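Below: the structure, in structure tokens.
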Amino acid sequence: MYLDFSHVLTEPLTLTLTCVLAVSLLVLALYYGLCYMRVGRYSALKITQGNEEKALPPVSVVMVAQNDGEWLRANLIYLLEQDYPDFEVVVVDYMSTDDTKFVLQLLSENYKHLKVVRLEQNVSGYEGKKYPLSIGIKSAKNDILLMADPECVPQDKEGFGWIRAMVAGYWHEHVDIVLGYCGITNKKSLLGWLQQYDNMDYSTEYLSSAMMHRPFTGNGRNLSYRRRLFMENNGFIYHYHEPDGADDMFVNQNARKHNTAVVLTPESFTMTEPQPSMALWRKYRKHRTVTHRYYSSSLVATRMARPLAVLLFYAAGAALLVLGTMPWEVLALVLALKLAWQIVATSQACKKLNIPAVVFALAPIWEIYFLFSNTILKISPLSKKN
């Protein structure tokens, strides 16, 4: 018994499909290695050594709260109790109608480094949190800013070393932006695993890109930049008209290969609860991607390479199998190699980011699901009601 490859050289369609299969496999292999493996093998040695001899600079943690009394009551204490010599926490109470005001008032009586800024109305006329966040940043007294959300909490609740870990990213005087990671709390459900994979996949994409000196976005739930950079570049003024993307658009416009660093130590992680329903999660994902239309054409093309390669890989493989012009044993081997490398690479990123094994074990299934889900998400409109 022998394998017949004669059709590959004699039939143009088979040759074309074989080339498509090979190229798409190469693109996916490179993506898994450059993104997942790069994050998985991240080392903090460089930034730790570079920061050892420097005095810890003062820091301002800034967040916007709108009817977040419950989250503030549960989570703000972990920021106020941080093990750091000189820091303040600035909370902008933005037109809240719940008990946010009273929660912040009670905490401010016990923590003198908590600064509360209350905005009773939106005098700017713009929607979204860019206006109140700008007020919070301008109210901060320190140059190094740390962004957080009321629903987020440092992963290391007992060590209280989140600020110290993130500040380690400023190992060089040229660093103006430090990108961190915000994870999803583990919930043993299909929806929870989908959210963890989606968050892992999106995070490894922008974190690995920044590690390759091509930063393009960040996560406002764990992000740091200098107040000076914000003021010199007029903050969000150029995109106030867009309600979403305070973090995404600011980093995209101001991050450069030499002024951006990544911190991925466990102490630097923050965590947030998963969305309780598919509808709310879908709305969150839509808000996250609505500003991507402002990306450069080269960045859009680069980010489209992976989903396009996934589609072409399976389509070409299926076509060859149906035509019968490529031995099925070869197609099975190619598929096995692709899946094995994908799972191995994904497992490295998941272990680094403290994500359960079920997420990377089923990575090929999640990848196919999001290929179609993200396509539908991008072509569906976001209603103004949302």
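Chain labels run A, B, ... following the order of the structure tokens; each chain numbers its residues from 1, and ligands are numbered from 1 in the order shown.
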
Near Leu119 of chain A, counting only C-alpha atoms, which residues have an atom at most 8 Å away, once you skip same-chain residues fewer than 2 positions from it, shown as a list in words? Val92, Asp93, Tyr94, Met95, Val117, Gln121, Asn122 and Pro132 of chain A

Output file for the selection above: C-alpha atoms, as a short mmCIF file (atom, residue, chain, number, x, y, z; two decimals), in the first residue's frame:
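Contents of the output file selection-v5.cif:
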```cif
data_model
loop_
_atom_site.label_atom_id
_atom_site.label_comp_id
_atom_site.auth_asym_id
_atom_site.auth_seq_id
_atom_site.Cartn_x
_atom_site.Cartn_y
_atom_site.Cartn_z
CA VAL A 92 -14.99 59.92 40.09
CA ASP A 93 -18.61 59.48 41.17
CA TYR A 94 -20.33 60.10 37.86
CA MET A 95 -24.01 60.93 38.27
CA VAL A 117 -14.64 63.73 42.75
CA GLN A 121 -24.28 66.18 35.59
CA ASN A 122 -22.63 65.74 32.20
CA PRO A 132 -15.36 61.76 33.86
#
```

Closest contacts (segment 127-161 of chain A/segment 202-220 of chain A, max 8 Å, only C-alpha atoms) as CSV:
```
residue,atom,partner,partner_atom,distance
A:Met147,CA,A:Gly220,CA,5.9
A:Ala148,CA,A:Gly220,CA,6.5
A:Asp149,CA,A:Gly220,CA,7.7
```

Keeping all heavy atoms, export the residues of the selection given above as a CSV table (one decimal), in the first residue's frame.
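Printed below is result.csv as written:
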```
chain,number,residue,atom,x,y,z
A,147,MET,N,-5.0,52.7,35.9
A,147,MET,CA,-6.5,52.7,35.7
A,147,MET,C,-7.1,51.4,36.3
A,147,MET,O,-6.5,50.3,36.2
A,147,MET,CB,-6.7,52.7,34.2
A,147,MET,CG,-6.1,53.9,33.5
A,147,MET,SD,-6.8,55.5,34.1
A,147,MET,CE,-5.3,56.4,34.4
A,148,ALA,N,-8.3,51.5,36.8
A,148,ALA,CA,-9.0,50.4,37.4
A,148,ALA,C,-10.5,50.6,37.2
A,148,ALA,O,-10.9,51.7,36.9
A,148,ALA,CB,-8.6,50.2,38.8
A,149,ASP,N,-11.2,49.6,37.4
A,149,ASP,CA,-12.7,49.7,37.4
A,149,ASP,C,-13.2,49.2,38.7
A,149,ASP,O,-12.6,48.3,39.3
A,149,ASP,CB,-13.3,48.8,36.2
A,149,ASP,CG,-13.3,49.5,34.9
A,149,ASP,OD1,-13.0,50.7,34.9
A,149,ASP,OD2,-13.7,48.9,33.9
```

Based on the backbone DSSP call, show me all residues of segment 10-90 of chain A assigned helix (DSSP H, G or I), as a ChimeraX atom specification. /A:10,12-40,45-51,69-80

Based on the selection just made, write N, CA and C atoms of those residues as a short mmCIF file (atom, residue, chain, number, x, y, z; two decimals), in the first residue's frame.
```cif
data_model
loop_
_atom_site.label_atom_id
_atom_site.label_comp_id
_atom_site.auth_asym_id
_atom_site.auth_seq_id
_atom_site.Cartn_x
_atom_site.Cartn_y
_atom_site.Cartn_z
N THR A 10 -0.67 17.01 -11.07
CA THR A 10 -1.36 16.95 -12.36
C THR A 10 -2.67 17.74 -12.40
N PRO A 12 -4.62 21.16 -11.32
CA PRO A 12 -4.43 22.53 -10.80
C PRO A 12 -5.23 22.81 -9.53
N LEU A 13 -6.47 22.30 -9.46
CA LEU A 13 -7.29 22.56 -8.28
C LEU A 13 -6.69 21.92 -7.04
N THR A 14 -6.22 20.70 -7.18
CA THR A 14 -5.59 20.01 -6.04
C THR A 14 -4.32 20.73 -5.61
N LEU A 15 -3.54 21.17 -6.57
CA LEU A 15 -2.30 21.89 -6.25
C LEU A 15 -2.61 23.20 -5.53
N THR A 16 -3.65 23.90 -6.01
CA THR A 16 -4.03 25.17 -5.37
C THR A 16 -4.50 24.95 -3.94
N LEU A 17 -5.35 23.95 -3.73
CA LEU A 17 -5.86 23.66 -2.39
C LEU A 17 -4.73 23.20 -1.45
N THR A 18 -3.79 22.45 -2.00
CA THR A 18 -2.65 22.01 -1.18
C THR A 18 -1.80 23.20 -0.74
N CYS A 19 -1.58 24.13 -1.65
CA CYS A 19 -0.81 25.33 -1.30
C CYS A 19 -1.54 26.17 -0.27
N VAL A 20 -2.86 26.32 -0.43
CA VAL A 20 -3.66 27.07 0.55
C VAL A 20 -3.58 26.41 1.92
N LEU A 21 -3.68 25.07 1.94
CA LEU A 21 -3.59 24.34 3.20
C LEU A 21 -2.24 24.54 3.86
N ALA A 22 -1.17 24.48 3.08
CA ALA A 22 0.18 24.62 3.63
C ALA A 22 0.44 26.04 4.15
N VAL A 23 0.03 27.04 3.38
CA VAL A 23 0.27 28.43 3.79
C VAL A 23 -0.55 28.78 5.03
N SER A 24 -1.81 28.36 5.06
CA SER A 24 -2.64 28.66 6.24
C SER A 24 -2.11 27.95 7.47
N LEU A 25 -1.60 26.73 7.32
CA LEU A 25 -1.00 26.02 8.45
C LEU A 25 0.23 26.76 8.96
N LEU A 26 1.05 27.27 8.04
CA LEU A 26 2.24 28.02 8.44
C LEU A 26 1.86 29.29 9.18
N VAL A 27 0.84 30.02 8.68
CA VAL A 27 0.40 31.25 9.34
C VAL A 27 -0.10 30.95 10.75
N LEU A 28 -0.88 29.90 10.91
CA LEU A 28 -1.41 29.56 12.23
C LEU A 28 -0.30 29.10 13.17
N ALA A 29 0.65 28.34 12.65
CA ALA A 29 1.77 27.89 13.49
C ALA A 29 2.57 29.08 14.00
N LEU A 30 2.80 30.06 13.13
CA LEU A 30 3.52 31.27 13.54
C LEU A 30 2.71 32.07 14.55
N TYR A 31 1.40 32.18 14.33
CA TYR A 31 0.56 32.93 15.26
C TYR A 31 0.58 32.30 16.65
N TYR A 32 0.38 31.00 16.73
CA TYR A 32 0.38 30.33 18.03
C TYR A 32 1.73 30.50 18.75
N GLY A 33 2.80 30.44 17.96
CA GLY A 33 4.12 30.58 18.57
C GLY A 33 4.42 32.00 19.01
N LEU A 34 4.12 32.97 18.14
CA LEU A 34 4.44 34.36 18.43
C LEU A 34 3.54 34.97 19.49
N CYS A 35 2.28 34.54 19.56
CA CYS A 35 1.34 35.12 20.52
C CYS A 35 1.28 34.31 21.81
N TYR A 36 0.79 33.10 21.73
CA TYR A 36 0.58 32.29 22.93
C TYR A 36 1.90 31.91 23.61
N MET A 37 2.85 31.42 22.83
CA MET A 37 4.12 31.00 23.43
C MET A 37 4.90 32.19 23.97
N ARG A 38 4.82 33.33 23.29
CA ARG A 38 5.56 34.50 23.76
C ARG A 38 5.04 34.96 25.12
N VAL A 39 3.72 35.00 25.27
CA VAL A 39 3.13 35.36 26.56
C VAL A 39 3.45 34.29 27.60
N GLY A 40 3.36 33.01 27.19
CA GLY A 40 3.62 31.93 28.13
C GLY A 40 5.04 31.92 28.65
N LEU A 45 12.42 39.12 34.67
CA LEU A 45 13.77 39.37 35.16
C LEU A 45 14.29 40.75 34.77
N LYS A 46 14.02 41.13 33.52
CA LYS A 46 14.56 42.40 33.02
C LYS A 46 14.00 43.61 33.76
N ILE A 47 12.67 43.66 33.89
CA ILE A 47 12.08 44.83 34.52
C ILE A 47 12.34 44.83 36.02
N THR A 48 12.47 43.63 36.62
CA THR A 48 12.74 43.58 38.06
C THR A 48 14.13 44.12 38.35
N GLN A 49 15.12 43.66 37.58
CA GLN A 49 16.47 44.13 37.80
C GLN A 49 16.60 45.62 37.51
N GLY A 50 15.91 46.09 36.51
CA GLY A 50 16.00 47.49 36.15
C GLY A 50 15.36 48.41 37.15
N ASN A 51 14.44 47.88 37.95
CA ASN A 51 13.69 48.73 38.87
C ASN A 51 14.21 48.65 40.30
N GLY A 69 -22.08 51.19 43.76
CA GLY A 69 -21.93 51.12 45.21
C GLY A 69 -21.62 49.73 45.70
N GLU A 70 -22.26 48.73 45.13
CA GLU A 70 -22.03 47.35 45.57
C GLU A 70 -20.61 46.90 45.28
N TRP A 71 -20.11 47.23 44.07
CA TRP A 71 -18.74 46.85 43.73
C TRP A 71 -17.73 47.61 44.58
N LEU A 72 -17.96 48.89 44.81
CA LEU A 72 -17.03 49.68 45.62
C LEU A 72 -16.97 49.16 47.04
N ARG A 73 -18.11 48.78 47.57
CA ARG A 73 -18.16 48.24 48.93
C ARG A 73 -17.36 46.95 49.06
N ALA A 74 -17.35 46.16 47.98
CA ALA A 74 -16.67 44.86 48.03
C ALA A 74 -15.20 44.94 47.64
N ASN A 75 -14.85 45.83 46.71
CA ASN A 75 -13.52 45.77 46.10
C ASN A 75 -12.58 46.93 46.42
N LEU A 76 -13.11 48.10 46.71
CA LEU A 76 -12.24 49.27 46.83
C LEU A 76 -11.25 49.14 47.98
N ILE A 77 -11.62 48.39 49.00
CA ILE A 77 -10.74 48.22 50.16
C ILE A 77 -9.40 47.59 49.75
N TYR A 78 -9.43 46.73 48.71
CA TYR A 78 -8.20 46.05 48.29
C TYR A 78 -7.24 47.01 47.59
N LEU A 79 -7.76 48.09 47.04
CA LEU A 79 -6.89 49.12 46.45
C LEU A 79 -6.39 50.07 47.52
N LEU A 80 -7.24 50.41 48.46
CA LEU A 80 -6.85 51.35 49.52
C LEU A 80 -5.82 50.76 50.47
#
```

What are the DSSP strand (DSSP E or B) residues of segment 180-345 of chain A, as an NGL selection string? :A and (182-184 or 223-226 or 260-262 or 270-272)

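For the pair atom CA of Met278 of chain A and atom CA of Tyr369 of chain A, the interatomic distance is 14.0 Å.
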
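Among the candidates A:His174, A:Lys338, A:His113, A:Lys130, the residue lying nearest to Arg256 of chain A is A:His174 (atoms considered: only C-alpha atoms).
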
Between A:Leu377, A:Leu146, A:Ser124, A:Asp176, single out the one closest to Ile237 of chain A, counting only C-alpha atoms.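 So, comparing all the options, the nearest one is A:Ser124.
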